[in-house]
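Peer 1: My structure is below; once you've seen it, I'll send some questions.
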Amino acid sequence: MLTDRSEGSELHQRLEQARRVVVLTGAGVSAESGVPTFRGADGLWQEYRAEDLATPEAFRRNPELVWEWYDWRRQLIAKCQPNMAHHAIALLERQSPEFLLLTQNVDGLHRLAGSVQIVELHGNIWCVRCIEEGKITENLDVPLPSIPPRCECGALLRPDVVWFGEALPADALQMAFAAAESCDVFLVVGTSAVVQPAASLPMIARQRGAYVVEVNLEPTPLTPLAHEAHHGKAGDLLPRLLDFPVGTSGNFAIRNSQFEMSSPNPGV
Ligand code: BV8
């Protein structure tokens with residue numbers, strides 16, 4: 001397995017031969033934009049306990065506290081811009097015959113960078129859901145005018161994200177597994193690869209014959225399973241690994257890229 005240096009990487013030519021390319025990202029891809037990660041040294045879980053803030057029980061117990069935390073994260077994310085890693089992934093989408101971006105991030109920065117074929121596995125912090133009607137609406141208020149925010153029906157709104165102990169949206173999960181099962185290249189960027197079920201996707205891709213490449217600041221449980229692992233900052237490594245001369249963002253023609261469902265995923 002190749003580690004830590006871009007030259008000698010097969011990724012570029014594997015991408016040239018690939019029909020279907022899948023990218024899985026985590027908090028590390030947004031770190032250079034100023035969005036705190038979860039488990040890093042300055043990670044959110046250093047200061048806060050996930051079970052106090054990112055679980056349905058925590059919300060039932062204290063919706064104000066949970067919303068104060070999400071409002072604080074929204075104010076922080078609102079000041080952030082996509083970085084070179086986001087742009088490189090958006091460019092890779094335009095160069096790939098078939099492409100799907102699976103992100104664990106709720107910050108919306110991939111879309112801002114121009115990514116289109118995205119599955120937000122854990123939801124989006126800029127969407128809210130009525131806990132009575134289940135209606136999902138976009139809410140870009142920074143800061144939120146009132147905490148906790150309420151639906152016009154009077155019921156509480158909750159962030160439209162997936163909390164620990166909650167199932168991922170069935171369609172998102174099915175698309176993710178179908179893509180992992182049928183891709184030629186599976187690129188993993190900026191995730192500690194511990195949160196399930198997302199952390200299982202690279203293994204499924206490898207089992208199904210995909211070429212798996214990890215780009216992360218530090219080794220993870222995925223490193224021994226990847227064909228290549230490159231450790232460093234994604235914003236530096238990705239443009240080099242993808243051979244994108246820095247500064248060329250956004251000038252490639254888009255080609256259609258629809259994933260037809262191969263088979264309902266037996267594994268879920
Ligand atoms: C479920 C949304 C069941 C909210 C999030 C025991 C064993 C196995 C599984 C479990 C278990 N106990 C519980 C579980 C299940 C649990 C889980 O996996 N827990 C883990 C902690 C063990 N999973 C769940 O609860 C899932 N649901 O299982 O439901 C079910 C099933 C059917 C029916 C009913 C119920 C739901 C999981 C989703 C939770 N929601 N986010 C919010 O954001 O507020 S998870 C949240 O944390 C993020 O979305 C993300 O997914 C995760 C953080 O992971 P990463 O993104 O990887 O971030 P992290 O900080 O950890 O790592 C960043 C990496 O980047 C680091 O390695 C760092 O080195 C690197 N890095 C830093 N800077 C850079 C960089 N890399 C490159 N460049 C840089 N510049």
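Starting from 1 in every chain, residues are counted up; chains themselves are A, B, ... following the order of the structure tokens, and ligands are numbered from 1 as listed.
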Kindly provide, as a PyMOL selection string, all nucleotide and amino acid residues lying within 7 Å of ligand 1, counting only C-alpha atoms and all ligand atoms.
Peer 2: chain A and resi 25-29+31-32+37-40+43+54+104-106+122-123+161-168+189-197+215-218+220+232-235
Peer 1: Deliver the residues from the most recent selection as a file, using C-alpha atoms, as a JSON list (two decimals), in the first residue's frame.
Peer 2:
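Result file part-v1.json:
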[["chain", "number", "residue", "atom", "x", "y", "z"],
["A", 25, "THR", "CA", -16.04, 13.10, 3.25],
["A", 26, "GLY", "CA", -16.02, 13.97, 6.93],
["A", 27, "ALA", "CA", -15.30, 16.97, 9.13],
["A", 28, "GLY", "CA", -11.63, 17.02, 8.11],
["A", 29, "VAL", "CA", -12.52, 18.33, 4.62],
["A", 31, "ALA", "CA", -11.26, 21.97, 8.86],
["A", 32, "GLU", "CA", -9.19, 24.32, 6.63],
["A", 37, "THR", "CA", -13.99, 18.82, 13.59],
["A", 38, "PHE", "CA", -15.48, 16.47, 16.19],
["A", 39, "ARG", "CA", -12.63, 14.35, 17.41],
["A", 40, "GLY", "CA", -9.64, 16.57, 16.53],
["A", 43, "GLY", "CA", -12.82, 19.10, 18.15],
["A", 54, "ALA", "CA", -26.63, 15.41, 19.30],
["A", 104, "GLN", "CA", -21.14, 13.23, 6.75],
["A", 105, "ASN", "CA", -20.88, 17.01, 7.00],
["A", 106, "VAL", "CA", -23.95, 19.10, 7.75],
["A", 122, "HIS", "CA", -26.25, 13.13, 8.30],
["A", 123, "GLY", "CA", -28.53, 15.94, 7.12],
["A", 161, "VAL", "CA", -29.70, 16.42, 10.98],
["A", 162, "VAL", "CA", -29.29, 12.75, 11.96],
["A", 163, "TRP", "CA", -28.59, 12.42, 15.67],
["A", 164, "PHE", "CA", -26.77, 9.51, 17.31],
["A", 165, "GLY", "CA", -29.16, 6.58, 17.71],
["A", 166, "GLU", "CA", -31.29, 7.79, 14.80],
["A", 167, "ALA", "CA", -31.50, 5.99, 11.47],
["A", 168, "LEU", "CA", -30.10, 7.73, 8.41],
["A", 189, "VAL", "CA", -11.33, 12.47, 2.66],
["A", 190, "GLY", "CA", -11.10, 13.86, 6.20],
["A", 191, "THR", "CA", -12.96, 11.31, 8.30],
["A", 192, "SER", "CA", -11.88, 9.38, 11.41],
["A", 193, "ALA", "CA", -13.96, 6.50, 9.99],
["A", 194, "VAL", "CA", -15.55, 5.57, 13.33],
["A", 195, "VAL", "CA", -19.16, 6.68, 12.93],
["A", 196, "GLN", "CA", -21.45, 3.96, 11.54],
["A", 197, "PRO", "CA", -22.94, 3.20, 9.12],
["A", 215, "VAL", "CA", -6.68, 11.28, 2.37],
["A", 216, "ASN", "CA", -6.59, 12.27, 6.04],
["A", 217, "LEU", "CA", -4.44, 14.27, 8.44],
["A", 218, "GLU", "CA", -3.66, 11.12, 10.44],
["A", 220, "THR", "CA", -7.50, 5.90, 10.82],
["A", 232, "GLY", "CA", -1.66, 15.45, 5.41],
["A", 233, "LYS", "CA", -4.03, 18.37, 4.85],
["A", 234, "ALA", "CA", -6.70, 17.63, 2.24],
["A", 235, "GLY", "CA", -6.48, 21.18, 0.87]]
Peer 1: Give me, as a PyMOL selection string, all polymer residues having an atom no more than 10 Å from range 198-213 of chain A, counting only C-alpha atoms and skipping those fewer than 5 positions away in the same chain.
Peer 2: chain A and resi 1-3+9-11+14-15+18+20-26+102-104+121-122+168+173+176-189+191-193+221-223+225-230+267
Peer 1: Identify which of the residues A:Leu65, A:Leu92, A:Leu237, A:Ala78 lies closest to Pro143 in chain A, counting only C-alpha atoms when measuring atom-to-atom distances.
Peer 2: A:Ala78
Peer 1: From the DSSP assignment of the backbone, select every residue of range 2-241 of chain A that is helix (DSSP H, G or I), and format the answer as an MDAnalysis selection string.
Peer 2: chainID A and resid 11:17 28:31 44:47 50:53 56:61 63:77 84:95 109:112 170:182 198:207 223:225 234:241
Peer 1: From the list A:Gly8, A:Asp71, A:Ile147, A:Gly154, which residue is nearest Glu132 in chain A when using only C-alpha atoms?
Peer 2: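 Looking only at the distances to Glu132 in chain A, the closest residue turns out to be A:Gly154.
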